[in-house]
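Worksheet for the structure shown next.
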Amino acid sequence: MAEPSSPIILTPADFADTGQWRLLIYITHTGMRALLRHATDRERPLLQLLNEEWEPASAGVQMSKIENTVYAHPSLLDDYATEVVVETPRVAWMPDVFMADGSIGEDSVYHTVFAASEGDVLTDRTGEATALYEFLPDFDSFMARTLPGARLRCHLGVLVERFLAESRSDDPTLRIYMDLRQGEADLIALRSGRLVSASVQPWHTVEEAAYRIFHLLNAYSTDRTGVKVSVNGMDAATVEGVLSLTAGFCREAMPMQLPDGARRSGLPLSAALLVYKNDTI
């Protein structure tokens, strides 16, 4: 019988060299998490620095919660390589080629989709298209003051970037990815290595979630035998319910395949895929 492995003991010296670690901060309208993962040693444990939740509130109160949480945890301000991911349903997409041209303003495109806007319009380039999104008023300026070196990401942009990396230009299969959260679903469609659609959709029942997939099938698929559906969610019964409803309308419907670490982490999908982005399925 193999001897059990020795526990990994972390000392203050391990954290003195911030270059050894990568910091991920994940922010929603009702909470905030911060995690550290070692940059090169995949055996080092994932470290959670904070996990705060709060009740739904006005934009001003939400912003105060975020500011107070950051200042209450000064380790977040250390010199880590940092990515900040915000979870927001208000995301519009624009081909990167148009963004590079500079002839069309980001704000005008975004406000064509979302007329009312409370925050600054932010961008997240995925290599295929740019996610235009907003979060809270003054959020961008607060991040620039407190974490000026951090890369700011949109959660949906993270998912699109990851799934595009797995898509092949010579594969005409329509691939639909759904990640179910409480009351919202991230829904992404790809074909031939290109982004077809990406949005955040509301859902309250298994049937409603499945309908979101049927809508994509109706809009983008002429041959449903050329469609593969992958579904992820924190509740296995809900995932299975959606898959059972969609299985008869496509070639393949199965739980989303994820790296082991991401699958076991309990993190939101976009956060898990960033933390474990170097891990294979």
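Residues in the structure tokens are named by chain (A, B, ... in the order shown) and by number from 1 within that chain; ligands are numbered from 1 in the order shown.
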
Where does DSSP see alpha helix (DSSP H) in stretch 100-261 of chain A, if you list the residues as number ranges by chain? A: 100-101, 106-113, 139-146, 155-165, 206-220, 236-246, 260-261

Distance query stretch 186-190 of chain A at most 6 Å, only C-alpha atoms, self and fewer than 6 positions along chain excluded, as a PDB file with C-alpha atoms, in the first residue's frame:
ATOM      1  CA  LEU A 174     -23.153  23.427 -34.017  1.00  0.00           C
ATOM      2  CA  ARG A 175     -21.947  23.197 -30.416  1.00  0.00           C
ATOM      3  CA  ILE A 176     -24.174  24.642 -27.726  1.00  0.00           C
ATOM      4  CA  TYR A 177     -22.881  25.161 -24.195  1.00  0.00           C
ATOM      5  CA  MET A 178     -25.196  25.984 -21.299  1.00  0.00           C
ATOM      6  CA  ASP A 179     -24.118  26.827 -17.755  1.00  0.00           C
ATOM      7  CA  VAL A 196     -22.412  32.114 -33.351  1.00  0.00           C
ATOM      8  CA  SER A 197     -24.157  33.434 -30.243  1.00  0.00           C
ATOM      9  CA  ALA A 198     -23.468  34.175 -26.573  1.00  0.00           C
ATOM     10  CA  SER A 199     -25.920  35.567 -24.056  1.00  0.00           C
ATOM     11  CA  VAL A 200     -27.238  35.347 -20.506  1.00  0.00           C
TER      12      VAL A 200
END

Could you tell me which of A:Ala39, A:Val227, A:Val91, A:Ala272 comes closest to A:Gly157 if we count only C-alpha atoms?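 Residue with the minimum atom-to-atom distance to A:Gly157: A:Val91.
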
Would you pick out the contacts of A:Phe142 at 10 Å or less, using only C-alpha atoms, so that residues sharing its chain but fewer than 6 positions from it are not included, and give the list as a PDB file with N, CA and C atoms, in the first residue's frame?
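Okay, around-v2.pdb is ready:
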ATOM      1  N   MET A  63     -21.796  48.971  -4.746  1.00  0.00           N
ATOM      2  CA  MET A  63     -20.455  49.497  -4.933  1.00  0.00           C
ATOM      3  C   MET A  63     -19.767  49.705  -3.593  1.00  0.00           C
ATOM      4  N   ILE A  66     -18.492  46.357  -2.326  1.00  0.00           N
ATOM      5  CA  ILE A  66     -17.267  45.938  -3.000  1.00  0.00           C
ATOM      6  C   ILE A  66     -16.071  46.711  -2.453  1.00  0.00           C
ATOM      7  N   GLU A  67     -16.204  48.018  -2.339  1.00  0.00           N
ATOM      8  CA  GLU A  67     -15.107  48.850  -1.829  1.00  0.00           C
ATOM      9  C   GLU A  67     -14.718  48.427  -0.414  1.00  0.00           C
ATOM     10  N   PRO A 148      -4.575  48.619 -10.316  1.00  0.00           N
ATOM     11  CA  PRO A 148      -4.296  49.166 -11.651  1.00  0.00           C
ATOM     12  C   PRO A 148      -3.685  48.167 -12.626  1.00  0.00           C
TER      13      PRO A 148
END

Shell of 7 Å around stretch 254-270 of chain A, only C-alpha atoms, local chain residues under 4 positions omitted, as a list in words: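 Returned residues: His155, Val158, Leu159, Val229, Ser230, Val231, Asn232, Leu243, Leu274, Tyr276, Asp279, Thr280 and Ile281 of chain A.
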
Atoms kept (C-alpha atoms) for selection, written as an mmCIF file, in the first residue's frame:
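part.cif, freshly written:
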data_model
loop_
_atom_site.group_PDB
_atom_site.id
_atom_site.type_symbol
_atom_site.label_atom_id
_atom_site.label_comp_id
_atom_site.auth_asym_id
_atom_site.auth_seq_id
_atom_site.Cartn_x
_atom_site.Cartn_y
_atom_site.Cartn_z
ATOM 1 C CA HIS A 155 -17.605 36.122 -17.136
ATOM 2 C CA VAL A 158 -14.079 34.003 -20.289
ATOM 3 C CA LEU A 159 -16.401 31.172 -21.322
ATOM 4 C CA VAL A 229 -25.281 20.151 -26.518
ATOM 5 C CA SER A 230 -23.252 20.376 -23.290
ATOM 6 C CA VAL A 231 -24.860 21.458 -20.023
ATOM 7 C CA ASN A 232 -23.288 22.351 -16.676
ATOM 8 C CA LEU A 243 -30.421 17.034 -21.115
ATOM 9 C CA LEU A 274 -9.628 30.480 -15.334
ATOM 10 C CA TYR A 276 -7.634 25.624 -13.884
ATOM 11 C CA ASP A 279 -5.425 21.665 -16.711
ATOM 12 C CA THR A 280 -6.617 19.215 -19.367
ATOM 13 C CA ILE A 281 -9.969 17.468 -19.347
#

With only C-alpha atoms as the counted atoms, please give the residues lying no more than 8 Å from A:Ser169, apart from itself and same-chain residues fewer than 5 positions off, as a list in words. Arg191, Ser192, Gly193 and Arg194 of chain A

Contacts of A:Arg37 at 8 Å (only C-alpha atoms; same-chain gap of 4+ positions) as a PyMOL selection string: chain A and resi 21-23+44-47+275

Selection from above, C-alpha atoms, as an mmCIF file, in the first residue's frame, can you write it?
data_model
loop_
_atom_site.group_PDB
_atom_site.id
_atom_site.type_symbol
_atom_site.label_atom_id
_atom_site.label_comp_id
_atom_site.auth_asym_id
_atom_site.auth_seq_id
_atom_site.Cartn_x
_atom_site.Cartn_y
_atom_site.Cartn_z
ATOM 1 C CA TRP A 21 0.894 33.255 -7.198
ATOM 2 C CA ARG A 22 -2.028 34.216 -9.421
ATOM 3 C CA LEU A 23 -4.969 36.062 -7.874
ATOM 4 C CA ARG A 44 -0.188 23.492 -4.248
ATOM 5 C CA PRO A 45 -3.711 23.868 -2.847
ATOM 6 C CA LEU A 46 -6.096 26.501 -4.114
ATOM 7 C CA LEU A 47 -6.364 29.158 -1.399
ATOM 8 C CA VAL A 275 -8.125 28.993 -12.194
#

Nearest to A:Ala115: which of A:Arg90, A:Ala185, A:Val206, A:Met234 is it, counting only C-alpha atoms?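 That would be A:Arg90, the residue with the smallest distance to A:Ala115.
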
Could you name the residues that touch A:Gly241 at 12 Å or less, counting only C-alpha atoms, but leaving out those on the same chain fewer than 3 positions away, as number ranges by chain? A: 180, 205-210, 231-233, 235-238, 244-247, 253-255

A:Pro89, A:Gly105, A:Gly60, A:Pro172: which is nearest A:Pro137, counting only C-alpha atoms?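 Of A:Pro89, A:Gly105, A:Gly60, A:Pro172, the one nearest A:Pro137, counting only C-alpha atoms, is A:Gly60.
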
Which is closest to A:Gly127 among A:Asp140, A:Glu83, A:Asp96, A:Asp107, if we use only C-alpha atoms?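 Between A:Asp140, A:Glu83, A:Asp96, A:Asp107, the residue approaching A:Gly127 most closely is A:Asp96.
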
Please measure the separation of atom CA of A:Leu217 and atom CA of A:Leu195, giving the value in Å to one decimal. 14.8 Å
